[in-house]
>>> print(open('data24.pdb').read())   # PDB, C-alpha atoms
ATOM      1  CA  MET A   7      80.862 160.726  28.086
ATOM      2  CA  THR A   8      84.142 162.646  28.283
ATOM      3  CA  GLU A   9      87.302 160.960  27.140
ATOM      4  CA  ALA A  10      88.584 160.699  30.724
ATOM      5  CA  SER A  11      85.443 159.000  32.010
ATOM      6  CA  SER A  12      85.370 156.686  29.010
ATOM      7  CA  VAL A  13      88.985 155.617  29.663
ATOM      8  CA  ASP A  14      88.089 155.125  33.328
ATOM      9  CA  ALA A  15      85.088 152.932  32.422
ATOM     10  CA  THR A  16      87.119 150.897  29.914
ATOM     11  CA  LEU A  17      89.870 150.331  32.475
ATOM     12  CA  ARG A  18      87.452 149.224  35.207
ATOM     13  CA  ALA A  19      85.699 146.814  32.828
ATOM     14  CA  LEU A  20      89.027 145.379  31.729
ATOM     15  CA  LEU A  21      90.209 144.816  35.311
ATOM     16  CA  ALA A  22      86.840 143.238  36.159
ATOM     17  CA  ASP A  23      87.212 140.849  33.191
ATOM     18  CA  ILE A  24      90.796 139.861  33.937
ATOM     19  CA  LEU A  25      90.746 139.772  37.725
ATOM     20  CA  GLY A  26      87.173 138.512  38.019
ATOM     21  CA  LEU A  27      86.313 141.407  40.327
ATOM     22  CA  GLY A  28      82.645 141.642  39.495
ATOM     23  CA  GLU A  29      80.988 144.964  38.714
ATOM     24  CA  GLU A  30      80.698 146.088  42.342
ATOM     25  CA  ARG A  31      84.333 145.626  43.278
ATOM     26  CA  ALA A  32      85.429 147.172  39.986
ATOM     27  CA  ALA A  33      83.184 150.199  40.559
ATOM     28  CA  ALA A  34      84.528 150.554  44.108
ATOM     29  CA  LEU A  35      88.159 150.948  42.982
ATOM     30  CA  THR A  36      89.543 154.339  44.017
ATOM     31  CA  GLU A  37      92.712 156.182  43.002
ATOM     32  CA  ASP A  38      94.457 154.675  46.027
ATOM     33  CA  SER A  39      93.265 151.094  45.532
ATOM     34  CA  GLY A  40      96.298 148.816  45.387
ATOM     35  CA  LEU A  41      96.679 146.496  42.391
ATOM     36  CA  PHE A  42      99.917 144.495  41.884
ATOM     37  CA  GLY A  43     100.925 143.090  45.267
ATOM     38  CA  ALA A  44      97.590 144.030  46.841
ATOM     39  CA  LEU A  45      95.186 141.846  44.848
ATOM     40  CA  PRO A  46      96.178 138.157  44.933
ATOM     41  CA  GLU A  47      94.758 137.623  41.427
ATOM     42  CA  PHE A  48      97.126 140.238  40.020
ATOM     43  CA  ASP A  49     100.108 138.047  39.068
ATOM     44  CA  SER A  50     102.626 138.517  36.261
ATOM     45  CA  MET A  51     100.323 136.813  33.716
ATOM     46  CA  ALA A  52      97.512 139.185  34.738
ATOM     47  CA  VAL A  53      99.851 142.171  34.308
ATOM     48  CA  ALA A  54     100.672 140.977  30.787
ATOM     49  CA  THR A  55      97.002 140.401  29.966
ATOM     50  CA  VAL A  56      96.064 143.872  31.261
ATOM     51  CA  LEU A  57      98.704 145.477  28.994
ATOM     52  CA  THR A  58      97.533 143.645  25.864
ATOM     53  CA  GLU A  59      93.866 144.363  26.591
ATOM     54  CA  MET A  60      94.665 148.045  27.241
ATOM     55  CA  GLU A  61      96.247 148.180  23.787
ATOM     56  CA  ASP A  62      93.247 146.515  22.154
ATOM     57  CA  ARG A  63      90.469 148.354  23.967
ATOM     58  CA  LEU A  64      92.051 151.818  24.223
ATOM     59  CA  GLY A  65      93.682 151.687  20.786
ATOM     60  CA  ILE A  66      97.173 152.427  22.096
ATOM     61  CA  ILE A  67     100.608 150.844  21.737
ATOM     62  CA  ILE A  68     102.605 150.312  24.903
ATOM     63  CA  ASP A  69     106.391 150.033  24.726
ATOM     64  CA  ASP A  70     108.342 147.803  27.083
ATOM     65  CA  ASP A  71     110.410 150.777  28.221
ATOM     66  CA  GLU A  72     107.358 152.723  29.368
ATOM     67  CA  ILE A  73     106.368 150.109  31.895
ATOM     68  CA  ASP A  74     107.652 150.204  35.439
ATOM     69  CA  SER A  75     106.219 148.611  38.546
ATOM     70  CA  GLU A  76     104.810 151.955  39.761
ATOM     71  CA  ILE A  77     102.160 151.914  37.044
ATOM     72  CA  PHE A  78     100.573 148.845  38.586
ATOM     73  CA  GLU A  79     100.881 149.981  42.216
ATOM     74  CA  THR A  80      97.483 151.682  42.367
ATOM     75  CA  TYR A  81      94.410 152.114  40.225
ATOM     76  CA  GLY A  82      95.121 155.872  40.130
ATOM     77  CA  ASN A  83      98.579 155.277  38.644
ATOM     78  CA  LEU A  84      97.229 152.922  35.992
ATOM     79  CA  LEU A  85      94.469 155.387  35.083
ATOM     80  CA  ALA A  86      96.924 158.289  34.850
ATOM     81  CA  PHE A  87      99.205 156.225  32.597
ATOM     82  CA  SER A  88      96.266 155.250  30.370
ATOM     83  CA  LEU A  89      95.024 158.835  30.045
ATOM     84  CA  ARG A  90      98.512 160.002  29.151
ATOM     85  CA  LYS A  91      98.782 157.312  26.458
ATOM     86  CA  VAL A  92      95.344 158.037  25.002
ATOM     87  CA  THR A  93      96.006 161.775  24.674
ATOM     88  CA  ASP A  94      99.582 161.319  23.363
TER      89      ASP A  94
ATOM     90  CA  MET B   1      99.720 108.996  18.453
ATOM     91  CA  THR B   2      96.013 109.446  18.948
ATOM     92  CA  GLU B   3      95.168 112.263  21.306
ATOM     93  CA  HIS B   4      92.340 112.172  23.784
ATOM     94  CA  ARG B   5      88.992 113.442  22.474
ATOM     95  CA  LEU B   6      86.316 114.436  24.878
ATOM     96  CA  ARG B   7      82.987 113.592  23.289
ATOM     97  CA  ILE B   8      79.434 114.236  24.418
ATOM     98  CA  ASP B   9      76.687 112.514  22.452
ATOM     99  CA  PRO B  10      72.982 113.266  22.207
ATOM    100  CA  ALA B  11      70.431 110.594  23.112
ATOM    101  CA  ASP B  12      69.594 109.921  19.463
ATOM    102  CA  ARG B  13      71.529 109.853  16.211
ATOM    103  CA  PRO B  14      73.393 113.214  16.039
ATOM    104  CA  ARG B  15      72.097 115.923  13.699
ATOM    105  CA  ALA B  16      75.744 116.888  13.154
ATOM    106  CA  THR B  17      79.061 116.825  14.983
ATOM    107  CA  ILE B  18      80.406 120.060  16.404
ATOM    108  CA  LEU B  19      84.214 119.946  16.473
ATOM    109  CA  ILE B  20      85.330 122.379  19.150
ATOM    110  CA  VAL B  21      88.756 123.938  18.641
ATOM    111  CA  PRO B  22      89.747 125.271  22.049
ATOM    112  CA  PRO B  23      91.721 128.439  22.756
ATOM    113  CA  LEU B  24      95.504 127.944  22.922
ATOM    114  CA  PHE B  25      97.702 127.486  25.985
ATOM    115  CA  ASP B  26      96.389 128.659  29.338
ATOM    116  CA  GLU B  27      93.284 130.240  27.802
ATOM    117  CA  ALA B  28      92.007 126.717  27.111
ATOM    118  CA  ASN B  29      92.096 125.857  30.809
ATOM    119  CA  ARG B  30      90.259 129.006  31.772
ATOM    120  CA  LEU B  31      87.448 128.323  29.328
ATOM    121  CA  ARG B  32      87.296 124.522  29.542
ATOM    122  CA  ARG B  33      84.534 124.255  32.141
ATOM    123  CA  THR B  34      82.282 126.650  30.191
ATOM    124  CA  LEU B  35      83.040 124.837  26.927
ATOM    125  CA  LEU B  36      81.987 121.553  28.514
ATOM    126  CA  LEU B  37      78.715 123.149  29.607
ATOM    127  CA  ALA B  38      78.205 124.358  26.029
ATOM    128  CA  MET B  39      78.872 120.825  24.737
ATOM    129  CA  ARG B  40      76.226 119.421  27.080
ATOM    130  CA  ALA B  41      73.782 122.062  25.842
ATOM    131  CA  LEU B  42      74.607 121.099  22.232
ATOM    132  CA  ALA B  43      73.945 117.436  23.032
ATOM    133  CA  SER B  44      70.556 118.337  24.454
ATOM    134  CA  GLU B  45      69.806 119.972  21.059
ATOM    135  CA  GLY B  46      70.696 116.749  19.256
ATOM    136  CA  PHE B  47      74.294 117.571  18.285
ATOM    137  CA  ALA B  48      77.376 115.520  19.124
ATOM    138  CA  ALA B  49      80.223 117.649  20.431
ATOM    139  CA  VAL B  50      83.911 116.715  20.321
ATOM    140  CA  LEU B  51      86.692 118.576  22.134
ATOM    141  CA  PRO B  52      90.072 117.157  21.045
ATOM    142  CA  ASP B  53      93.407 117.619  22.783
ATOM    143  CA  LEU B  54      95.905 119.281  20.478
ATOM    144  CA  PRO B  55      99.343 117.587  20.457
ATOM    145  CA  GLY B  56     101.338 119.027  23.370
ATOM    146  CA  GLN B  57      98.259 120.515  25.060
ATOM    147  CA  ASN B  58      96.062 119.380  27.948
ATOM    148  CA  GLU B  59      96.493 115.599  28.518
ATOM    149  CA  SER B  60      98.717 115.038  25.469
ATOM    150  CA  LEU B  61     101.916 113.010  25.995
ATOM    151  CA  VAL B  62     103.674 114.903  23.197
ATOM    152  CA  ALA B  63     106.280 117.430  24.371
ATOM    153  CA  LEU B  64     105.016 120.869  23.387
ATOM    154  CA  GLU B  65     108.525 121.996  22.365
ATOM    155  CA  THR B  66     108.449 119.469  19.496
ATOM    156  CA  VAL B  67     105.199 120.868  18.076
ATOM    157  CA  ALA B  68     104.771 123.475  15.313
ATOM    158  CA  LEU B  69     101.608 125.400  14.507
ATOM    159  CA  ASP B  70     101.108 123.357  11.311
ATOM    160  CA  ASP B  71     100.982 120.173  13.396
ATOM    161  CA  TRP B  72      97.865 121.471  15.130
ATOM    162  CA  GLN B  73      96.253 122.349  11.819
ATOM    163  CA  ASP B  74      97.057 118.858  10.476
ATOM    164  CA  ALA B  75      95.788 117.158  13.642
ATOM    165  CA  LEU B  76      92.465 118.964  13.347
ATOM    166  CA  ALA B  77      92.162 118.054   9.657
ATOM    167  CA  GLU B  78      92.662 114.393  10.566
ATOM    168  CA  ILE B  79      90.112 114.516  13.372
ATOM    169  CA  ALA B  80      87.527 116.262  11.175
ATOM    170  CA  ALA B  81      88.031 113.672   8.432
ATOM    171  CA  ASP B  82      87.485 110.950  11.009
ATOM    172  CA  LEU B  83      84.147 112.272  12.293
ATOM    173  CA  PRO B  84      80.801 111.279  10.808
ATOM    174  CA  GLY B  85      79.380 114.263   8.895
ATOM    175  CA  PRO B  86      78.176 116.840   8.715
ATOM    176  CA  VAL B  87      80.927 118.490  10.767
ATOM    177  CA  VAL B  88      80.688 122.071  12.014
ATOM    178  CA  ILE B  89      83.910 123.553  13.387
ATOM    179  CA  ALA B  90      83.529 125.889  16.369
ATOM    180  CA  SER B  91      86.772 127.690  17.256
ATOM    181  CA  ILE B  92      87.445 130.014  20.123
ATOM    182  CA  ARG B  93      90.221 132.638  20.330
ATOM    183  CA  GLY B  94      93.520 131.154  19.075
ATOM    184  CA  GLY B  95      91.659 128.060  17.904
ATOM    185  CA  ALA B  96      90.600 130.167  14.911
ATOM    186  CA  LEU B  97      94.254 130.264  13.762
ATOM    187  CA  ILE B  98      94.389 126.524  13.081
ATOM    188  CA  ASP B  99      90.871 125.549  11.931
ATOM    189  CA  HIS B 100      91.117 126.238   8.177
ATOM    190  CA  GLY B 101      92.964 123.060   7.131
ATOM    191  CA  ALA B 102      90.061 120.825   8.137
ATOM    192  CA  LYS B 103      87.083 120.075   5.891
ATOM    193  CA  ALA B 104      83.727 121.064   7.337
ATOM    194  CA  ALA B 105      80.165 122.008   6.402
ATOM    195  CA  ALA B 106      80.472 125.299   8.286
ATOM    196  CA  TRP B 107      82.739 127.273  10.611
ATOM    197  CA  TRP B 108      81.876 129.298  13.703
ATOM    198  CA  ARG B 109      84.477 131.478  15.448
ATOM    199  CA  LEU B 110      84.215 133.247  18.788
ATOM    200  CA  ALA B 111      86.500 136.173  19.649
ATOM    201  CA  ALA B 112      89.181 135.187  17.159
ATOM    202  CA  VAL B 113      92.562 136.625  18.106
ATOM    203  CA  SER B 114      95.797 137.143  16.187
ATOM    204  CA  GLY B 115      98.807 135.023  17.024
ATOM    205  CA  SER B 116     100.871 138.155  17.596
ATOM    206  CA  SER B 117      98.488 139.290  20.337
ATOM    207  CA  LEU B 118      98.766 135.915  22.116
ATOM    208  CA  MET B 119     102.552 135.976  21.791
ATOM    209  CA  ARG B 120     102.812 139.536  23.072
ATOM    210  CA  THR B 121     100.872 138.673  26.228
ATOM    211  CA  MET B 122     102.921 135.541  26.943
ATOM    212  CA  MET B 123     106.199 137.345  26.289
ATOM    213  CA  ARG B 124     105.172 140.182  28.590
ATOM    214  CA  ALA B 125     104.293 137.702  31.329
ATOM    215  CA  ARG B 126     107.782 136.246  30.961
ATOM    216  CA  VAL B 127     109.378 139.716  31.133
ATOM    217  CA  ALA B 128     107.315 140.547  34.246
ATOM    218  CA  ALA B 129     108.194 137.217  35.897
ATOM    219  CA  ASP B 130     111.874 137.704  35.028
ATOM    220  CA  ARG B 131     111.782 141.151  36.568
ATOM    221  CA  GLU B 132     110.355 139.765  39.811
ATOM    222  CA  ALA B 133     113.192 137.221  39.823
ATOM    223  CA  GLY B 134     115.753 139.999  39.400
ATOM    224  CA  LEU B 135     116.511 139.147  35.764
ATOM    225  CA  THR B 136     116.416 141.573  32.857
ATOM    226  CA  SER B 137     114.735 140.499  29.630
ATOM    227  CA  SER B 138     112.780 142.286  26.930
ATOM    228  CA  LEU B 139     110.459 141.316  24.110
ATOM    229  CA  GLU B 140     113.427 141.773  21.743
ATOM    230  CA  SER B 141     115.835 139.615  23.751
ATOM    231  CA  LEU B 142     113.218 136.859  24.097
ATOM    232  CA  GLN B 143     112.432 136.995  20.385
ATOM    233  CA  ALA B 144     116.139 136.602  19.600
ATOM    234  CA  ALA B 145     116.530 133.698  22.045
ATOM    235  CA  ALA B 146     113.493 131.988  20.513
ATOM    236  CA  GLN B 147     115.200 131.750  17.122
ATOM    237  CA  VAL B 148     117.672 129.116  18.271
ATOM    238  CA  ALA B 149     116.115 127.272  21.221
ATOM    239  CA  PRO B 150     112.706 126.547  22.742
ATOM    240  CA  LEU B 151     111.410 129.521  24.706
ATOM    241  CA  LEU B 152     109.585 129.032  27.982
ATOM    242  CA  LEU B 153     106.549 131.342  28.027
ATOM    243  CA  ALA B 154     104.057 131.165  30.893
ATOM    244  CA  GLY B 155     104.853 127.487  31.427
ATOM    245  CA  ASN B 156     104.815 126.605  27.703
ATOM    246  CA  ALA B 157     108.069 125.564  26.013
ATOM    247  CA  LEU B 158     107.578 126.807  22.454
ATOM    248  CA  SER B 159     109.823 125.657  19.606
ATOM    249  CA  PRO B 160     111.503 128.220  17.329
ATOM    250  CA  ALA B 161     109.110 127.093  14.567
ATOM    251  CA  MET B 162     106.089 127.613  16.826
ATOM    252  CA  VAL B 163     107.221 131.083  17.958
ATOM    253  CA  ALA B 164     107.878 132.170  14.362
ATOM    254  CA  ALA B 165     104.593 130.821  12.966
ATOM    255  CA  LEU B 166     102.424 131.958  15.855
ATOM    256  CA  GLY B 167     103.836 135.485  15.746
ATOM    257  CA  GLU B 168     102.494 135.868  12.201
ATOM    258  CA  ALA B 169      99.357 133.735  12.408
ATOM    259  CA  GLU B 170      96.002 135.290  11.523
ATOM    260  CA  ALA B 171      92.616 133.604  11.190
ATOM    261  CA  GLN B 172      92.270 132.513   7.530
ATOM    262  CA  PRO B 173      89.169 132.914   5.362
ATOM    263  CA  VAL B 174      86.820 129.908   5.334
ATOM    264  CA  GLN B 175      83.296 129.451   3.960
ATOM    265  CA  PRO B 176      80.606 129.514   5.278
ATOM    266  CA  LEU B 177      81.780 131.355   8.395
ATOM    267  CA  ARG B 178      80.047 133.088  11.271
ATOM    268  CA  SER B 179      82.597 135.111  13.237
ATOM    269  CA  ILE B 180      81.251 136.560  16.447
ATOM    270  CA  ALA B 181      82.700 138.692  19.259
ATOM    271  CA  LEU B 182      81.555 139.214  22.809
ATOM    272  CA  GLY B 183      79.441 142.233  23.665
ATOM    273  CA  THR B 184      76.256 144.029  22.826
ATOM    274  CA  ASP B 185      76.544 143.312  19.080
ATOM    275  CA  GLY B 186      77.705 139.757  19.650
ATOM    276  CA  LEU B 187      77.474 137.010  22.191
ATOM    277  CA  ALA B 188      76.450 137.842  25.766
ATOM    278  CA  GLY B 189      79.167 136.827  28.191
ATOM    279  CA  THR B 190      82.506 137.725  29.735
ATOM    280  CA  PRO B 191      85.978 136.932  28.353
ATOM    281  CA  LEU B 192      86.637 134.055  30.753
ATOM    282  CA  TRP B 193      89.810 133.211  28.799
ATOM    283  CA  LEU B 194      91.415 136.353  30.223
ATOM    284  CA  ARG B 195      90.517 135.570  33.814
ATOM    285  CA  ALA B 196      93.392 135.136  36.273
ATOM    286  CA  GLU B 197      91.372 132.546  38.225
ATOM    287  CA  PRO B 198      89.308 130.025  36.238
ATOM    288  CA  GLY B 199      85.575 130.668  36.389
ATOM    289  CA  GLU B 200      82.478 129.390  34.655
ATOM    290  CA  ASP B 201      79.420 130.958  33.117
ATOM    291  CA  ALA B 202      76.402 128.733  32.489
ATOM    292  CA  ALA B 203      74.437 131.479  30.719
ATOM    293  CA  MET B 204      77.331 132.095  28.342
ATOM    294  CA  ALA B 205      77.615 128.356  27.671
ATOM    295  CA  ARG B 206      73.929 128.265  26.703
ATOM    296  CA  ALA B 207      74.412 131.320  24.477
ATOM    297  CA  ILE B 208      77.397 129.658  22.752
ATOM    298  CA  ALA B 209      75.382 126.484  22.107
ATOM    299  CA  ALA B 210      72.320 128.386  20.888
ATOM    300  CA  ASP B 211      74.394 130.460  18.464
ATOM    301  CA  ILE B 212      76.168 127.394  17.059
ATOM    302  CA  VAL B 213      72.819 125.599  16.616
ATOM    303  CA  ALA B 214      71.271 128.606  14.847
ATOM    304  CA  TRP B 215      74.285 128.967  12.531
ATOM    305  CA  SER B 216      74.322 125.224  11.739
ATOM    306  CA  MET B 217      70.652 125.407  10.775
ATOM    307  CA  ALA B 218      71.274 128.520   8.674
ATOM    308  CA  CYS B 219      73.890 126.440   6.838
ATOM    309  CA  GLY B 220      71.329 123.805   6.009
ATOM    310  CA  ILE B 221      71.888 121.326   8.840
ATOM    311  CA  ASN B 222      68.601 120.070  10.205
TER     312      ASN B 222
END
>>> encode(input="data24.pdb", output="structure tokens")
Amino acid sequence: MTEASSVDATLRALLADILGLGEERAAALTEDSGLFGALPEFDSMAVATVLTEMEDRLGIIIDDDEIDSEIFETYGNLLAFSLRKVTD
Amino acid sequence: MTEHRLRIDPADRPRATILIVPPLFDEANRLRRTLLLAMRALASEGFAAVLPDLPGQNESLVALETVALDDWQDALAEIAADLPGPVVIASIRGGALIDHGAKAAAWWRLAAVSGSSLMRTMMRARVAADREAGLTSSLESLQAAAQVAPLLLAGNALSPAMVAALGEAEAQPVQPLRSIALGTDGLAGTPLWLRAEPGEDAAMARAIAADIVAWSMACGIN
């Protein structure tokens, strides 16, 4: 598995765990799939949980200042942010 | 004040009592249904199972902002001392941070988490909620505010003592201990405590009960 596909798989599994999406809905997420504001389960507590789980499962540290609402707009944005953090 | 204890007994004299230490704060609500299913499964194996309310949590009448982390540890020690032995302590997530003051024949921990990780998530939720409300806060500003007054985090008013102690809390060594995670090398199941909407998982509940039973027997409880 390449690093990019492993980050993608980790991120989908994490969203499935937190948002209760189930494997099918998690696998069906595309770059354009909306997250915060689009999925009713994605509230501010879920955002916080996603950030902490990303740190734990991807082995990264996320600073407050790096987070803006755009990151959570779409799955593609969240994936791009994660890949950038992992390769930093 | 005596807190409510939810107790499920087997048909016959219990082989042992399993004292369940629930996850902390909202995680306890998300896992409660599955924990109850696990307690029923334990009872069917001949074990009594007790799920106590921690002061300031669940149905407790104590105001959470008056509670410190040590109070939870002390409350559990009192409950354990009160139960007919042998007692096996089964802690989940943040429950593992407060289970070492009690006396027990064995300990079992599932997905133990550090206090700093729990605090970080709750502080981030507050920052995100503040942002939606047009307010500006940061982990640093919240940490500073928490030194002098109770801090409201995800619906929980935490005292300065609680914030300080929780931020540094780690699961402490106990003996004999089985510490298990979720996943292929651990217990089959999903981290329901992370779930935005509460769910339940009967298969996971059975797996929790089976693992606790096996560990109790390995520790000499028949």
>>> interface_residues(input="data24.pdb", of="chain B", to="chain A", cutoff="10 Å", atoms="only C-alpha atoms", output="PyMOL selection string")
chain B and resi 117-118+120-132+138-140+154+190-199
>>> resolve_selection(input="data24.pdb", expression="the PyMOL selection byres ((chain A and resi 79-94) around 10)", output="PyMOL selection string")
chain A and resi 9-14+17-18+21+35-44+60-61+64-68+72-78
>>> atom_distance(input="data24.pdb", atom1="CA of Ala133 (chain B)", atom2="CA of Leu64 (chain B)")
24.6 Å
>>> atom_distance(input="data24.pdb", atom1="CA of Pro10 (chain B)", atom2="CA of Ala43 (chain B)")
4.4 Å
>>> residues_around(input="data24.pdb", residues="region 167-177 of chain B", least_positions_apart="6", cutoff="6 Å", atoms="all atoms listed in the file", output="MDAnalysis selection string")
chainID B and resid 96:97 106:108 114:116
>>> resolve_selection(input="data24.pdb", expression="the PyMOL selection byres ((chain B and resi 212-222) around 10)", output="PDB file with C-alpha atoms, in the coordinates of the input")
ATOM      1  CA  ARG B  15      72.097 115.923  13.699  1.00  0.00           C
ATOM      2  CA  ALA B  16      75.744 116.888  13.154  1.00  0.00           C
ATOM      3  CA  ILE B  18      80.406 120.060  16.404  1.00  0.00           C
ATOM      4  CA  ALA B  38      78.205 124.358  26.029  1.00  0.00           C
ATOM      5  CA  ALA B  41      73.782 122.062  25.842  1.00  0.00           C
ATOM      6  CA  LEU B  42      74.607 121.099  22.232  1.00  0.00           C
ATOM      7  CA  GLU B  45      69.806 119.972  21.059  1.00  0.00           C
ATOM      8  CA  GLY B  46      70.696 116.749  19.256  1.00  0.00           C
ATOM      9  CA  PHE B  47      74.294 117.571  18.285  1.00  0.00           C
ATOM     10  CA  PRO B  86      78.176 116.840   8.715  1.00  0.00           C
ATOM     11  CA  VAL B  87      80.927 118.490  10.767  1.00  0.00           C
ATOM     12  CA  VAL B  88      80.688 122.071  12.014  1.00  0.00           C
ATOM     13  CA  ILE B  89      83.910 123.553  13.387  1.00  0.00           C
ATOM     14  CA  ALA B  90      83.529 125.889  16.369  1.00  0.00           C
ATOM     15  CA  ALA B 105      80.165 122.008   6.402  1.00  0.00           C
ATOM     16  CA  ALA B 106      80.472 125.299   8.286  1.00  0.00           C
ATOM     17  CA  TRP B 107      82.739 127.273  10.611  1.00  0.00           C
ATOM     18  CA  TRP B 108      81.876 129.298  13.703  1.00  0.00           C
ATOM     19  CA  ARG B 109      84.477 131.478  15.448  1.00  0.00           C
ATOM     20  CA  PRO B 176      80.606 129.514   5.278  1.00  0.00           C
ATOM     21  CA  LEU B 177      81.780 131.355   8.395  1.00  0.00           C
ATOM     22  CA  ARG B 178      80.047 133.088  11.271  1.00  0.00           C
ATOM     23  CA  ARG B 206      73.929 128.265  26.703  1.00  0.00           C
ATOM     24  CA  ALA B 207      74.412 131.320  24.477  1.00  0.00           C
ATOM     25  CA  ILE B 208      77.397 129.658  22.752  1.00  0.00           C
ATOM     26  CA  ALA B 209      75.382 126.484  22.107  1.00  0.00           C
ATOM     27  CA  ALA B 210      72.320 128.386  20.888  1.00  0.00           C
ATOM     28  CA  ASP B 211      74.394 130.460  18.464  1.00  0.00           C
TER      29      ASP B 211
END
>>> axis_aligned_box(input="data24.pdb", around="region 62-72 of chain B", padding_each_side="8 Å", output="lines of an AutoDock Vina configuration file")
center_x = 103.2
center_y = 120.2
center_z = 17.8
size_x = 26.7
size_y = 26.5
size_z = 29.1
>>> atom_distance(input="data24.pdb", atom1="CA of Asp201 (chain B)", atom2="CA of Asp53 (chain B)")
21.9 Å
>>> residues_around(input="data24.pdb", residues="Arg32 (chain B)", least_positions_apart="5", cutoff="12 Å", atoms="only C-alpha atoms", output="list in words")
Leu6, Ile20, Val21, Pro22, Pro23, Leu24, Phe25, Asp26, Glu27, Leu37, Ala38, Met39, Leu51, Pro52, Asp53, Asn58, Ile92, Leu192, Trp193, Pro198, Gly199, Glu200, Asp201 and Ala205 of chain B
>>> write_last_selection(input="data24.pdb", atoms="C-alpha atoms", output="tab-separated table (two decimals), in the coordinates of the input")
chain	number	residue	atom	x	y	z
B	6	LEU	CA	86.32	114.44	24.88
B	20	ILE	CA	85.33	122.38	19.15
B	21	VAL	CA	88.76	123.94	18.64
B	22	PRO	CA	89.75	125.27	22.05
B	23	PRO	CA	91.72	128.44	22.76
B	24	LEU	CA	95.50	127.94	22.92
B	25	PHE	CA	97.70	127.49	25.98
B	26	ASP	CA	96.39	128.66	29.34
B	27	GLU	CA	93.28	130.24	27.80
B	37	LEU	CA	78.72	123.15	29.61
B	38	ALA	CA	78.20	124.36	26.03
B	39	MET	CA	78.87	120.82	24.74
B	51	LEU	CA	86.69	118.58	22.13
B	52	PRO	CA	90.07	117.16	21.04
B	53	ASP	CA	93.41	117.62	22.78
B	58	ASN	CA	96.06	119.38	27.95
B	92	ILE	CA	87.44	130.01	20.12
B	192	LEU	CA	86.64	134.06	30.75
B	193	TRP	CA	89.81	133.21	28.80
B	198	PRO	CA	89.31	130.02	36.24
B	199	GLY	CA	85.58	130.67	36.39
B	200	GLU	CA	82.48	129.39	34.66
B	201	ASP	CA	79.42	130.96	33.12
B	205	ALA	CA	77.61	128.36	27.67
>>> residues_around(input="data24.pdb", residues="region 70-78 of chain B", least_positions_apart="3", cutoff="9 Å", atoms="all atoms listed in the file", output="VMD selection string")
chain B and resid 19 21 52 54 to 55 67 81 to 83 97 to 103 162 165
>>> write_last_selection(input="data24.pdb", atoms="C-alpha atoms", output="CSV table (one decimal), in the frame of the given file")
chain,number,residue,atom,x,y,z
B,19,LEU,CA,84.2,119.9,16.5
B,21,VAL,CA,88.8,123.9,18.6
B,52,PRO,CA,90.1,117.2,21.0
B,54,LEU,CA,95.9,119.3,20.5
B,55,PRO,CA,99.3,117.6,20.5
B,67,VAL,CA,105.2,120.9,18.1
B,81,ALA,CA,88.0,113.7,8.4
B,82,ASP,CA,87.5,111.0,11.0
B,83,LEU,CA,84.1,112.3,12.3
B,97,LEU,CA,94.3,130.3,13.8
B,98,ILE,CA,94.4,126.5,13.1
B,99,ASP,CA,90.9,125.5,11.9
B,100,HIS,CA,91.1,126.2,8.2
B,101,GLY,CA,93.0,123.1,7.1
B,102,ALA,CA,90.1,120.8,8.1
B,103,LYS,CA,87.1,120.1,5.9
B,162,MET,CA,106.1,127.6,16.8
B,165,ALA,CA,104.6,130.8,13.0
>>> closest_residue(input="data24.pdb", among="B:Ala202, B:Ala157, B:Leu35, B:Ser141", to="Gly56 (chain B)", atoms="all atoms listed in the file")
B:Ala157
